[in-house]
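Source file: start14.pdb (PDB, C-alpha atoms)
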```pdb
MODEL        1
ATOM      1  CA  MET A   1     -42.856 -13.851  66.189  1.00  0.00           C
ATOM      2  CA  SER A   2     -39.317 -15.159  65.773  1.00  0.00           C
ATOM      3  CA  ILE A   3     -37.221 -17.843  67.402  1.00  0.00           C
ATOM      4  CA  SER A   4     -34.290 -16.554  69.371  1.00  0.00           C
ATOM      5  CA  ARG A   5     -30.784 -17.972  69.489  1.00  0.00           C
ATOM      6  CA  THR A   6     -31.472 -19.736  72.796  1.00  0.00           C
ATOM      7  CA  HIS A   7     -30.425 -23.396  72.963  1.00  0.00           C
ATOM      8  CA  HIS A   8     -33.204 -25.476  74.508  1.00  0.00           C
ATOM      9  CA  ARG A   9     -31.113 -28.115  76.276  1.00  0.00           C
ATOM     10  CA  ASP A  10     -34.079 -29.646  78.086  1.00  0.00           C
ATOM     11  CA  ALA A  11     -35.913 -30.216  74.842  1.00  0.00           C
ATOM     12  CA  SER A  12     -35.442 -33.956  74.359  1.00  0.00           C
ATOM     13  CA  PRO A  13     -38.654 -35.968  73.958  1.00  0.00           C
ATOM     14  CA  ASP A  14     -39.926 -37.717  77.078  1.00  0.00           C
ATOM     15  CA  LYS A  15     -39.102 -41.152  75.694  1.00  0.00           C
ATOM     16  CA  ALA A  16     -35.429 -40.271  75.406  1.00  0.00           C
ATOM     17  CA  VAL A  17     -34.916 -38.650  78.825  1.00  0.00           C
ATOM     18  CA  ASP A  18     -33.567 -41.779  80.520  1.00  0.00           C
ATOM     19  CA  ALA A  19     -31.806 -43.202  77.487  1.00  0.00           C
ATOM     20  CA  ASP A  20     -28.062 -43.067  76.972  1.00  0.00           C
ATOM     21  CA  PRO A  21     -27.178 -40.553  74.278  1.00  0.00           C
ATOM     22  CA  ALA A  22     -26.739 -41.958  70.791  1.00  0.00           C
ATOM     23  CA  ILE A  23     -24.910 -38.813  69.693  1.00  0.00           C
ATOM     24  CA  GLU A  24     -22.999 -36.262  71.767  1.00  0.00           C
ATOM     25  CA  ILE A  25     -21.396 -33.132  70.347  1.00  0.00           C
ATOM     26  CA  VAL A  26     -19.557 -30.705  72.614  1.00  0.00           C
ATOM     27  CA  GLY A  27     -18.009 -27.461  71.395  1.00  0.00           C
ATOM     28  CA  LEU A  28     -17.679 -28.682  67.821  1.00  0.00           C
ATOM     29  CA  SER A  29     -16.067 -26.226  65.424  1.00  0.00           C
ATOM     30  CA  GLN A  30     -14.877 -27.052  61.940  1.00  0.00           C
ATOM     31  CA  SER A  31     -12.657 -25.054  59.639  1.00  0.00           C
ATOM     32  CA  PHE A  32     -11.344 -25.604  56.157  1.00  0.00           C
ATOM     33  CA  GLY A  33      -8.337 -23.351  55.737  1.00  0.00           C
ATOM     34  CA  ASP A  34      -9.396 -19.857  56.728  1.00  0.00           C
ATOM     35  CA  THR A  35     -13.092 -20.660  56.405  1.00  0.00           C
ATOM     36  CA  GLN A  36     -14.927 -21.662  59.577  1.00  0.00           C
ATOM     37  CA  VAL A  37     -17.957 -23.797  58.757  1.00  0.00           C
ATOM     38  CA  LEU A  38     -19.170 -24.828  62.229  1.00  0.00           C
ATOM     39  CA  HIS A  39     -19.133 -22.624  65.327  1.00  0.00           C
ATOM     40  CA  GLY A  40     -19.069 -24.310  68.744  1.00  0.00           C
ATOM     41  CA  ILE A  41     -22.000 -26.715  68.360  1.00  0.00           C
ATOM     42  CA  ASP A  42     -23.359 -28.494  71.460  1.00  0.00           C
ATOM     43  CA  LEU A  43     -25.918 -31.194  70.723  1.00  0.00           C
ATOM     44  CA  THR A  44     -27.198 -34.400  72.319  1.00  0.00           C
ATOM     45  CA  VAL A  45     -29.463 -36.883  70.548  1.00  0.00           C
ATOM     46  CA  GLY A  46     -30.961 -39.566  72.764  1.00  0.00           C
ATOM     47  CA  ALA A  47     -31.074 -43.218  71.754  1.00  0.00           C
ATOM     48  CA  GLY A  48     -34.276 -44.030  69.936  1.00  0.00           C
ATOM     49  CA  GLU A  49     -34.911 -40.531  68.638  1.00  0.00           C
ATOM     50  CA  VAL A  50     -35.620 -39.472  65.071  1.00  0.00           C
ATOM     51  CA  PHE A  51     -33.696 -36.223  64.840  1.00  0.00           C
ATOM     52  CA  GLY A  52     -34.259 -33.731  62.048  1.00  0.00           C
ATOM     53  CA  PHE A  53     -31.259 -31.467  61.431  1.00  0.00           C
ATOM     54  CA  LEU A  54     -32.510 -28.519  59.431  1.00  0.00           C
ATOM     55  CA  GLY A  55     -30.836 -25.657  57.667  1.00  0.00           C
ATOM     56  CA  HIS A  56     -30.483 -23.948  54.328  1.00  0.00           C
ATOM     57  CA  ASN A  57     -27.980 -25.269  51.819  1.00  0.00           C
ATOM     58  CA  GLY A  58     -24.479 -24.343  52.963  1.00  0.00           C
ATOM     59  CA  SER A  59     -25.408 -24.074  56.646  1.00  0.00           C
ATOM     60  CA  GLY A  60     -23.009 -26.861  57.672  1.00  0.00           C
ATOM     61  CA  LYS A  61     -25.353 -29.837  57.960  1.00  0.00           C
ATOM     62  CA  THR A  62     -23.331 -32.182  55.750  1.00  0.00           C
ATOM     63  CA  THR A  63     -20.092 -31.139  57.445  1.00  0.00           C
ATOM     64  CA  THR A  64     -21.630 -32.143  60.782  1.00  0.00           C
ATOM     65  CA  ILE A  65     -22.611 -35.554  59.416  1.00  0.00           C
ATOM     66  CA  ASN A  66     -19.141 -35.986  57.924  1.00  0.00           C
ATOM     67  CA  VAL A  67     -17.640 -35.479  61.371  1.00  0.00           C
ATOM     68  CA  LEU A  68     -20.085 -37.871  63.039  1.00  0.00           C
ATOM     69  CA  THR A  69     -19.479 -40.559  60.419  1.00  0.00           C
ATOM     70  CA  THR A  70     -15.670 -40.147  60.757  1.00  0.00           C
ATOM     71  CA  LEU A  71     -15.246 -38.890  57.188  1.00  0.00           C
ATOM     72  CA  ILE A  72     -13.490 -35.764  58.441  1.00  0.00           C
ATOM     73  CA  LYS A  73     -11.702 -34.967  61.709  1.00  0.00           C
ATOM     74  CA  PRO A  74     -13.151 -32.228  63.905  1.00  0.00           C
ATOM     75  CA  THR A  75     -11.019 -29.111  64.150  1.00  0.00           C
ATOM     76  CA  VAL A  76     -12.097 -28.340  67.718  1.00  0.00           C
ATOM     77  CA  GLY A  77     -14.427 -30.104  70.143  1.00  0.00           C
ATOM     78  CA  VAL A  78     -15.644 -33.598  70.894  1.00  0.00           C
ATOM     79  CA  ALA A  79     -18.075 -35.842  69.005  1.00  0.00           C
ATOM     80  CA  ARG A  80     -19.235 -39.274  70.161  1.00  0.00           C
ATOM     81  CA  VAL A  81     -21.572 -41.799  68.572  1.00  0.00           C
ATOM     82  CA  CYS A  82     -22.909 -44.653  70.722  1.00  0.00           C
ATOM     83  CA  GLY A  83     -20.366 -43.580  73.329  1.00  0.00           C
ATOM     84  CA  PHE A  84     -17.418 -43.905  70.940  1.00  0.00           C
ATOM     85  CA  ASP A  85     -15.212 -40.930  70.169  1.00  0.00           C
ATOM     86  CA  VAL A  86     -15.005 -40.203  66.443  1.00  0.00           C
ATOM     87  CA  LEU A  87     -11.242 -39.728  66.708  1.00  0.00           C
ATOM     88  CA  SER A  88      -9.988 -42.301  69.221  1.00  0.00           C
ATOM     89  CA  SER A  89     -12.569 -45.024  68.458  1.00  0.00           C
ATOM     90  CA  ARG A  90     -13.125 -44.502  64.743  1.00  0.00           C
ATOM     91  CA  LEU A  91     -13.660 -48.176  63.860  1.00  0.00           C
ATOM     92  CA  ASP A  92     -16.167 -48.651  66.691  1.00  0.00           C
ATOM     93  CA  VAL A  93     -18.126 -45.668  65.394  1.00  0.00           C
ATOM     94  CA  GLN A  94     -18.113 -47.075  61.877  1.00  0.00           C
ATOM     95  CA  ARG A  95     -19.403 -50.444  63.114  1.00  0.00           C
ATOM     96  CA  SER A  96     -22.239 -48.698  64.954  1.00  0.00           C
ATOM     97  CA  ILE A  97     -23.582 -46.555  62.139  1.00  0.00           C
ATOM     98  CA  GLY A  98     -25.196 -46.700  58.736  1.00  0.00           C
ATOM     99  CA  TYR A  99     -24.959 -43.830  56.275  1.00  0.00           C
ATOM    100  CA  LEU A 100     -26.966 -42.817  53.232  1.00  0.00           C
ATOM    101  CA  PRO A 101     -25.324 -39.855  51.455  1.00  0.00           C
ATOM    102  CA  GLU A 102     -27.296 -37.425  49.320  1.00  0.00           C
ATOM    103  CA  ASN A 103     -25.711 -38.817  46.162  1.00  0.00           C
ATOM    104  CA  ILE A 104     -25.940 -42.591  46.409  1.00  0.00           C
ATOM    105  CA  ARG A 105     -23.000 -44.365  44.831  1.00  0.00           C
ATOM    106  CA  LEU A 106     -23.949 -47.756  43.438  1.00  0.00           C
ATOM    107  CA  TYR A 107     -22.481 -49.838  40.633  1.00  0.00           C
ATOM    108  CA  ASP A 108     -24.851 -49.517  37.684  1.00  0.00           C
ATOM    109  CA  ASP A 109     -23.581 -52.638  35.895  1.00  0.00           C
ATOM    110  CA  LEU A 110     -24.279 -54.846  38.914  1.00  0.00           C
ATOM    111  CA  THR A 111     -27.611 -56.097  40.190  1.00  0.00           C
ATOM    112  CA  ALA A 112     -29.037 -54.884  43.473  1.00  0.00           C
ATOM    113  CA  SER A 113     -27.966 -58.103  45.198  1.00  0.00           C
ATOM    114  CA  GLU A 114     -24.453 -57.866  43.776  1.00  0.00           C
ATOM    115  CA  ASN A 115     -24.151 -54.299  45.009  1.00  0.00           C
ATOM    116  CA  LEU A 116     -25.384 -55.283  48.453  1.00  0.00           C
ATOM    117  CA  CYS A 117     -23.050 -58.280  48.566  1.00  0.00           C
ATOM    118  CA  PHE A 118     -20.106 -55.964  47.955  1.00  0.00           C
ATOM    119  CA  PHE A 119     -21.136 -53.556  50.713  1.00  0.00           C
ATOM    120  CA  ALA A 120     -21.970 -56.363  53.147  1.00  0.00           C
ATOM    121  CA  LYS A 121     -18.470 -57.798  52.814  1.00  0.00           C
ATOM    122  CA  LEU A 122     -16.961 -54.337  53.332  1.00  0.00           C
ATOM    123  CA  SER A 123     -19.009 -54.025  56.527  1.00  0.00           C
ATOM    124  CA  GLY A 124     -17.867 -57.413  57.801  1.00  0.00           C
ATOM    125  CA  VAL A 125     -21.326 -58.981  57.705  1.00  0.00           C
ATOM    126  CA  LYS A 126     -21.021 -62.711  58.396  1.00  0.00           C
ATOM    127  CA  ASP A 127     -24.248 -63.999  56.871  1.00  0.00           C
ATOM    128  CA  VAL A 128     -24.176 -61.938  53.685  1.00  0.00           C
ATOM    129  CA  SER A 129     -27.026 -63.700  51.909  1.00  0.00           C
ATOM    130  CA  GLY A 130     -29.230 -63.603  54.983  1.00  0.00           C
ATOM    131  CA  ALA A 131     -28.520 -59.923  55.597  1.00  0.00           C
ATOM    132  CA  ILE A 132     -29.378 -59.032  51.996  1.00  0.00           C
ATOM    133  CA  ASP A 133     -32.641 -60.992  52.094  1.00  0.00           C
ATOM    134  CA  GLN A 134     -33.583 -59.384  55.395  1.00  0.00           C
ATOM    135  CA  ALA A 135     -32.830 -55.832  54.251  1.00  0.00           C
ATOM    136  CA  LEU A 136     -34.654 -56.190  50.926  1.00  0.00           C
ATOM    137  CA  GLY A 137     -37.574 -57.865  52.635  1.00  0.00           C
ATOM    138  CA  PHE A 138     -37.827 -55.154  55.265  1.00  0.00           C
ATOM    139  CA  LEU A 139     -37.878 -52.493  52.541  1.00  0.00           C
ATOM    140  CA  ASP A 140     -40.424 -54.446  50.453  1.00  0.00           C
ATOM    141  CA  CYS A 141     -38.185 -54.527  47.404  1.00  0.00           C
ATOM    142  CA  THR A 142     -37.127 -58.155  47.002  1.00  0.00           C
ATOM    143  CA  GLU A 143     -38.293 -57.939  43.390  1.00  0.00           C
ATOM    144  CA  LEU A 144     -35.323 -55.648  42.695  1.00  0.00           C
ATOM    145  CA  ALA A 145     -32.707 -58.175  43.800  1.00  0.00           C
ATOM    146  CA  ASP A 146     -31.747 -59.503  40.371  1.00  0.00           C
ATOM    147  CA  ARG A 147     -32.259 -56.331  38.385  1.00  0.00           C
ATOM    148  CA  ARG A 148     -29.349 -54.190  37.205  1.00  0.00           C
ATOM    149  CA  VAL A 149     -29.113 -50.969  39.220  1.00  0.00           C
ATOM    150  CA  GLY A 150     -28.452 -48.901  36.099  1.00  0.00           C
ATOM    151  CA  THR A 151     -32.099 -49.396  35.118  1.00  0.00           C
ATOM    152  CA  PHE A 152     -33.487 -48.099  38.427  1.00  0.00           C
ATOM    153  CA  SER A 153     -35.407 -44.902  39.102  1.00  0.00           C
ATOM    154  CA  LYS A 154     -34.247 -42.457  41.773  1.00  0.00           C
ATOM    155  CA  GLY A 155     -36.641 -43.989  44.284  1.00  0.00           C
ATOM    156  CA  MET A 156     -35.462 -47.535  43.558  1.00  0.00           C
ATOM    157  CA  ARG A 157     -31.823 -46.527  43.876  1.00  0.00           C
ATOM    158  CA  GLN A 158     -32.523 -44.902  47.197  1.00  0.00           C
ATOM    159  CA  ARG A 159     -34.194 -48.003  48.577  1.00  0.00           C
ATOM    160  CA  ILE A 160     -31.115 -50.023  47.655  1.00  0.00           C
ATOM    161  CA  GLY A 161     -29.014 -47.274  49.228  1.00  0.00           C
ATOM    162  CA  ILE A 162     -30.956 -47.632  52.469  1.00  0.00           C
ATOM    163  CA  ALA A 163     -30.612 -51.407  52.237  1.00  0.00           C
ATOM    164  CA  GLN A 164     -26.818 -51.140  52.059  1.00  0.00           C
ATOM    165  CA  ALA A 165     -26.856 -48.760  55.037  1.00  0.00           C
ATOM    166  CA  ILE A 166     -28.771 -51.194  57.274  1.00  0.00           C
ATOM    167  CA  LEU A 167     -27.182 -54.504  56.217  1.00  0.00           C
ATOM    168  CA  HIS A 168     -25.212 -54.709  59.474  1.00  0.00           C
ATOM    169  CA  GLN A 169     -28.172 -53.474  61.553  1.00  0.00           C
ATOM    170  CA  PRO A 170     -26.530 -50.291  62.868  1.00  0.00           C
ATOM    171  CA  ALA A 171     -27.633 -48.552  66.040  1.00  0.00           C
ATOM    172  CA  VAL A 172     -27.601 -45.125  64.377  1.00  0.00           C
ATOM    173  CA  LEU A 173     -28.565 -44.305  60.799  1.00  0.00           C
ATOM    174  CA  PHE A 174     -27.449 -41.050  59.160  1.00  0.00           C
ATOM    175  CA  LEU A 175     -29.441 -39.726  56.205  1.00  0.00           C
ATOM    176  CA  ASP A 176     -28.161 -36.733  54.232  1.00  0.00           C
ATOM    177  CA  GLU A 177     -30.944 -34.945  52.295  1.00  0.00           C
ATOM    178  CA  PRO A 178     -32.753 -38.272  51.732  1.00  0.00           C
ATOM    179  CA  THR A 179     -35.708 -36.833  49.805  1.00  0.00           C
ATOM    180  CA  SER A 180     -33.570 -35.029  47.241  1.00  0.00           C
ATOM    181  CA  GLY A 181     -34.948 -35.751  43.771  1.00  0.00           C
ATOM    182  CA  LEU A 182     -37.800 -37.958  44.966  1.00  0.00           C
ATOM    183  CA  ASP A 183     -41.350 -37.612  43.699  1.00  0.00           C
ATOM    184  CA  PRO A 184     -44.229 -37.253  46.236  1.00  0.00           C
ATOM    185  CA  MET A 185     -44.790 -41.018  46.378  1.00  0.00           C
ATOM    186  CA  GLY A 186     -41.095 -41.577  47.003  1.00  0.00           C
ATOM    187  CA  VAL A 187     -41.120 -39.030  49.826  1.00  0.00           C
ATOM    188  CA  ARG A 188     -44.108 -40.744  51.418  1.00  0.00           C
ATOM    189  CA  GLN A 189     -42.444 -44.156  51.181  1.00  0.00           C
ATOM    190  CA  LEU A 190     -39.300 -42.726  52.749  1.00  0.00           C
ATOM    191  CA  ARG A 191     -41.249 -41.352  55.708  1.00  0.00           C
ATOM    192  CA  GLU A 192     -42.840 -44.750  56.258  1.00  0.00           C
ATOM    193  CA  THR A 193     -39.441 -46.455  56.021  1.00  0.00           C
ATOM    194  CA  ILE A 194     -37.882 -44.096  58.569  1.00  0.00           C
ATOM    195  CA  SER A 195     -40.750 -44.689  60.988  1.00  0.00           C
ATOM    196  CA  ARG A 196     -40.391 -48.466  60.655  1.00  0.00           C
ATOM    197  CA  LEU A 197     -36.605 -48.412  61.040  1.00  0.00           C
ATOM    198  CA  ASN A 198     -37.094 -46.487  64.247  1.00  0.00           C
ATOM    199  CA  SER A 199     -40.061 -48.370  65.702  1.00  0.00           C
ATOM    200  CA  GLU A 200     -39.379 -51.919  64.494  1.00  0.00           C
ATOM    201  CA  MET A 201     -35.584 -52.039  64.375  1.00  0.00           C
ATOM    202  CA  GLY A 202     -34.928 -49.527  67.154  1.00  0.00           C
ATOM    203  CA  MET A 203     -32.557 -47.367  65.125  1.00  0.00           C
ATOM    204  CA  THR A 204     -31.768 -43.817  66.093  1.00  0.00           C
ATOM    205  CA  ILE A 205     -32.164 -41.680  62.968  1.00  0.00           C
ATOM    206  CA  PHE A 206     -30.203 -38.489  62.283  1.00  0.00           C
ATOM    207  CA  MET A 207     -31.562 -36.815  59.162  1.00  0.00           C
ATOM    208  CA  ASN A 208     -30.221 -33.723  57.392  1.00  0.00           C
ATOM    209  CA  THR A 209     -32.699 -31.709  55.382  1.00  0.00           C
ATOM    210  CA  HIS A 210     -33.547 -28.168  54.332  1.00  0.00           C
ATOM    211  CA  LEU A 211     -37.306 -28.870  54.146  1.00  0.00           C
ATOM    212  CA  LEU A 212     -39.143 -28.886  57.469  1.00  0.00           C
ATOM    213  CA  SER A 213     -42.314 -30.364  56.025  1.00  0.00           C
ATOM    214  CA  GLU A 214     -40.689 -33.689  55.217  1.00  0.00           C
ATOM    215  CA  VAL A 215     -39.752 -34.366  58.843  1.00  0.00           C
ATOM    216  CA  SER A 216     -43.029 -33.341  60.437  1.00  0.00           C
ATOM    217  CA  ARG A 217     -44.535 -36.814  60.553  1.00  0.00           C
ATOM    218  CA  VAL A 218     -41.503 -38.759  61.714  1.00  0.00           C
ATOM    219  CA  CYS A 219     -39.155 -36.596  63.782  1.00  0.00           C
ATOM    220  CA  THR A 220     -39.265 -36.488  67.571  1.00  0.00           C
ATOM    221  CA  THR A 221     -36.792 -33.602  67.817  1.00  0.00           C
ATOM    222  CA  ILE A 222     -35.504 -30.930  65.460  1.00  0.00           C
ATOM    223  CA  GLY A 223     -32.459 -28.698  65.450  1.00  0.00           C
ATOM    224  CA  VAL A 224     -31.844 -25.750  63.154  1.00  0.00           C
ATOM    225  CA  LEU A 225     -28.382 -24.842  61.912  1.00  0.00           C
ATOM    226  CA  ALA A 226     -27.761 -21.368  60.495  1.00  0.00           C
ATOM    227  CA  GLU A 227     -24.393 -20.274  59.148  1.00  0.00           C
ATOM    228  CA  GLY A 228     -22.682 -22.973  61.186  1.00  0.00           C
ATOM    229  CA  SER A 229     -24.398 -22.213  64.513  1.00  0.00           C
ATOM    230  CA  LEU A 230     -27.125 -24.224  66.221  1.00  0.00           C
ATOM    231  CA  ILE A 231     -29.868 -21.654  66.743  1.00  0.00           C
ATOM    232  CA  TYR A 232     -32.801 -23.858  67.742  1.00  0.00           C
ATOM    233  CA  LEU A 233     -33.317 -27.221  69.416  1.00  0.00           C
ATOM    234  CA  ASP A 234     -36.630 -28.570  70.646  1.00  0.00           C
ATOM    235  CA  SER A 235     -39.070 -31.451  70.358  1.00  0.00           C
ATOM    236  CA  MET A 236     -41.361 -31.598  67.369  1.00  0.00           C
ATOM    237  CA  ASP A 237     -44.412 -31.480  69.649  1.00  0.00           C
ATOM    238  CA  ARG A 238     -43.248 -28.361  71.468  1.00  0.00           C
ATOM    239  CA  THR A 239     -42.304 -26.702  68.191  1.00  0.00           C
ATOM    240  CA  LEU A 240     -45.855 -27.174  66.938  1.00  0.00           C
ATOM    241  CA  GLU A 241     -47.255 -25.916  70.239  1.00  0.00           C
ATOM    242  CA  ARG A 242     -45.070 -22.829  69.981  1.00  0.00           C
ATOM    243  CA  PHE A 243     -46.419 -21.989  66.521  1.00  0.00           C
ATOM    244  CA  PRO A 244     -50.127 -22.944  66.672  1.00  0.00           C
ATOM    245  CA  ASP A 245     -51.128 -20.263  64.185  1.00  0.00           C
ATOM    246  CA  GLU A 246     -48.890 -21.397  61.326  1.00  0.00           C
ATOM    247  CA  ALA A 247     -50.566 -22.824  58.237  1.00  0.00           C
ATOM    248  CA  SER A 248     -47.663 -25.142  57.483  1.00  0.00           C
ATOM    249  CA  LEU A 249     -44.383 -26.288  58.960  1.00  0.00           C
ATOM    250  CA  GLU A 250     -42.490 -24.647  56.145  1.00  0.00           C
ATOM    251  CA  ASP A 251     -43.938 -21.321  57.314  1.00  0.00           C
ATOM    252  CA  ILE A 252     -42.454 -21.997  60.745  1.00  0.00           C
ATOM    253  CA  TYR A 253     -39.076 -22.564  59.176  1.00  0.00           C
ATOM    254  CA  VAL A 254     -39.315 -19.320  57.221  1.00  0.00           C
ATOM    255  CA  ARG A 255     -39.945 -17.497  60.486  1.00  0.00           C
ATOM    256  CA  LEU A 256     -36.711 -18.704  62.075  1.00  0.00           C
ATOM    257  CA  ASP A 257     -35.307 -15.179  62.204  1.00  0.00           C
ATOM    258  CA  TYR A 258     -31.612 -15.592  62.918  1.00  0.00           C
ATOM    259  CA  ARG A 259     -30.163 -12.682  61.005  1.00  0.00           C
TER     260      ARG A 259
ENDMDL
END
```

I need this file expressed as structure tokens, please.
Amino acid sequence: MSISRTHHRDASPDKAVDADPAIEIVGLSQSFGDTQVLHGIDLTVGAGEVFGFLGHNGSGKTTTINVLTTLIKPTVGVARVCGFDVLSSRLDVQRSIGYLPENIRLYDDLTASENLCFFAKLSGVKDVSGAIDQALGFLDCTELADRRVGTFSKGMRQRIGIAQAILHQPAVLFLDEPTSGLDPMGVRQLRETISRLNSEMGMTIFMNTHLLSEVSRVCTTIGVLAEGSLIYLDSMDRTLERFPDEASLEDIYVRLDYR
């Protein structure tokens, strides 16, 4: 059994059917010089979804996030976040989103609170101290506030990275390969954090990953990108129904025969 190249446009979870889209991509193509990285992507993510964007390394996942977070301009097509166009309403998009890159950039010589203070001011947060306390409290890591970031483990650094991404309480949170380098406990904590950000704070989550297993417990919808083309889009529930005989979700991913 293999999954065809059909785009399942009616595949949004029931809870997102009546919601305004958090993310809209229409005919998105991206080129760097003579190299085309994305090929005419159409994608809608409803508000309140946890969307898992899957694909092997080099498939174009990070490029897609870079367009949606306004880090690069789309070559062709339209991309909107919270109704704002990434080109014509760039600042509105930036105010509406949080972003955790794969390689978190924090200042090792500063404490966690000092790092967060810096990012809060960049984001225009009015009550900086209150926002920091709230973010650290939500992530159950207030004990890290006065510790120097250079002494942190990968998991600790990531929690501070998530804290900086949610200081201004964004509507949409982008996560790029968030489990990279984490141990099993760190992966489990991340899953719990994503679920709480979605259910308690109402954030739409857009998560890039190349491992299907790590999104199985939190994602409502998944899309698969292969060589810059969106080859699969469906709800997590319907994906599992479609492959009832698979021993693991990673086996499903292996069977995405797009070549």

Spatial sel., origin (-20.6, -29.4, 69.2), limit 12 Å, only C-alpha atoms, listed as a PyMOL selection string
chain A and resi 23-30+38-45+63-65+67-68+74-80+225+228-230

If you measure from atom CA of A:Gln189 to atom CA of A:Met207, what distance in Å do you get, rounded to one decimal?
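According to the coordinates, atom CA of A:Gln189 and atom CA of A:Met207 are separated by 15.4 Å.
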
Identify all residues satisfying the PyMOL selection byres ((chain A and resi 120-136) around 12) in the given file; provide them as a PyMOL selection string.
chain A and resi 91-92+94-99+112-119+137-146+156+159-170+193+197+201

Take the residues just selected and output them with C-alpha atoms as a short mmCIF file (atom, residue, chain, number, x, y, z; two decimals), in the frame of the given file.
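Here's the written file part19.cif:
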```
data_model
loop_
_atom_site.label_atom_id
_atom_site.label_comp_id
_atom_site.auth_asym_id
_atom_site.auth_seq_id
_atom_site.Cartn_x
_atom_site.Cartn_y
_atom_site.Cartn_z
CA LEU A 91 -13.66 -48.18 63.86
CA ASP A 92 -16.17 -48.65 66.69
CA GLN A 94 -18.11 -47.08 61.88
CA ARG A 95 -19.40 -50.44 63.11
CA SER A 96 -22.24 -48.70 64.95
CA ILE A 97 -23.58 -46.56 62.14
CA GLY A 98 -25.20 -46.70 58.74
CA TYR A 99 -24.96 -43.83 56.28
CA ALA A 112 -29.04 -54.88 43.47
CA SER A 113 -27.97 -58.10 45.20
CA GLU A 114 -24.45 -57.87 43.78
CA ASN A 115 -24.15 -54.30 45.01
CA LEU A 116 -25.38 -55.28 48.45
CA CYS A 117 -23.05 -58.28 48.57
CA PHE A 118 -20.11 -55.96 47.96
CA PHE A 119 -21.14 -53.56 50.71
CA GLY A 137 -37.57 -57.86 52.64
CA PHE A 138 -37.83 -55.15 55.26
CA LEU A 139 -37.88 -52.49 52.54
CA ASP A 140 -40.42 -54.45 50.45
CA CYS A 141 -38.18 -54.53 47.40
CA THR A 142 -37.13 -58.16 47.00
CA GLU A 143 -38.29 -57.94 43.39
CA LEU A 144 -35.32 -55.65 42.70
CA ALA A 145 -32.71 -58.18 43.80
CA ASP A 146 -31.75 -59.50 40.37
CA MET A 156 -35.46 -47.54 43.56
CA ARG A 159 -34.19 -48.00 48.58
CA ILE A 160 -31.12 -50.02 47.66
CA GLY A 161 -29.01 -47.27 49.23
CA ILE A 162 -30.96 -47.63 52.47
CA ALA A 163 -30.61 -51.41 52.24
CA GLN A 164 -26.82 -51.14 52.06
CA ALA A 165 -26.86 -48.76 55.04
CA ILE A 166 -28.77 -51.19 57.27
CA LEU A 167 -27.18 -54.50 56.22
CA HIS A 168 -25.21 -54.71 59.47
CA GLN A 169 -28.17 -53.47 61.55
CA PRO A 170 -26.53 -50.29 62.87
CA THR A 193 -39.44 -46.46 56.02
CA LEU A 197 -36.60 -48.41 61.04
CA MET A 201 -35.58 -52.04 64.38
#
```

Excluding A:Ile205 and residues on its chain fewer than 3 positions from it, collect all residues at most 8 Å away from it, counting all atoms listed in the file, and give them as a PyMOL selection string.
chain A and resi 48-51+172-175+194+198

Selection: 9 Å around A:Val93, only C-alpha atoms, excl. self and same-chain fewer than 3 positions, as an mmCIF file with C-alpha atoms, in the frame of the given file:
```cif
data_model
loop_
_atom_site.group_PDB
_atom_site.id
_atom_site.type_symbol
_atom_site.label_atom_id
_atom_site.label_comp_id
_atom_site.auth_asym_id
_atom_site.auth_seq_id
_atom_site.Cartn_x
_atom_site.Cartn_y
_atom_site.Cartn_z
ATOM 1 C CA LEU A 68 -20.085 -37.871 63.039
ATOM 2 C CA THR A 69 -19.479 -40.559 60.419
ATOM 3 C CA THR A 70 -15.670 -40.147 60.757
ATOM 4 C CA ARG A 80 -19.235 -39.274 70.161
ATOM 5 C CA VAL A 81 -21.572 -41.799 68.572
ATOM 6 C CA CYS A 82 -22.909 -44.653 70.722
ATOM 7 C CA GLY A 83 -20.366 -43.580 73.329
ATOM 8 C CA PHE A 84 -17.418 -43.905 70.940
ATOM 9 C CA ASP A 85 -15.212 -40.930 70.169
ATOM 10 C CA VAL A 86 -15.005 -40.203 66.443
ATOM 11 C CA SER A 89 -12.569 -45.024 68.458
ATOM 12 C CA ARG A 90 -13.125 -44.502 64.743
ATOM 13 C CA SER A 96 -22.239 -48.698 64.954
ATOM 14 C CA ILE A 97 -23.582 -46.555 62.139
#
```

Picked residues, the PyMOL selection byres ((chain A and resi 61) around 10), expected as a VMD selection string
chain A and resid 37 to 38 53 to 60 62 to 66 176 to 177 207 to 210 224 to 228

Please return as a short mmCIF file (atom, residue, chain, number, x, y, z; two decimals) with C-alpha atoms, in the coordinates of the input every residue within 6 Å of (-29.2, -56.1, 38.9), taking into account all atoms listed in the file and the file's own coordinates.
```cif
data_model
loop_
_atom_site.label_atom_id
_atom_site.label_comp_id
_atom_site.auth_asym_id
_atom_site.auth_seq_id
_atom_site.Cartn_x
_atom_site.Cartn_y
_atom_site.Cartn_z
CA LEU A 110 -24.28 -54.85 38.91
CA THR A 111 -27.61 -56.10 40.19
CA ALA A 112 -29.04 -54.88 43.47
CA ASP A 146 -31.75 -59.50 40.37
CA ARG A 147 -32.26 -56.33 38.38
CA ARG A 148 -29.35 -54.19 37.20
CA VAL A 149 -29.11 -50.97 39.22
#
```

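Using all atoms listed in the file, the smallest distance between any of A:Ala47, A:Asp234, A:Gly52, A:Arg188 and A:Leu212 comes from A:Gly52.
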
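For the pair atom CA of A:Leu233 and atom CA of A:Ala171, the separation is 22.3 Å.
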
Calculated over all atoms listed in the file, which of the candidates A:Tyr107, A:Glu241, A:Ser195, A:Gly155 has the smallest distance to A:Val218?
A:Ser195

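In this model, the gap between atom CA of A:Thr179 and atom CA of A:Phe152 comes to 16.2 Å.
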
For each of A:Thr35, A:Thr221, A:Arg238, A:Leu87, take the minimum atom-to-atom distance to A:Thr204, counting all atoms listed in the file, then give the residue where this is smallest.
A:Thr221

Enclosing box along x, y and z for every listed atom of stretch 178-193 of chain A, padded 8 Å each side, centre and size in Å, one decimal, as lines of an AutoDock Vina configuration file:
```
center_x = -38.8
center_y = -40.7
center_z = 50.0
size_x = 28.0
size_y = 27.4
size_z = 28.6
```
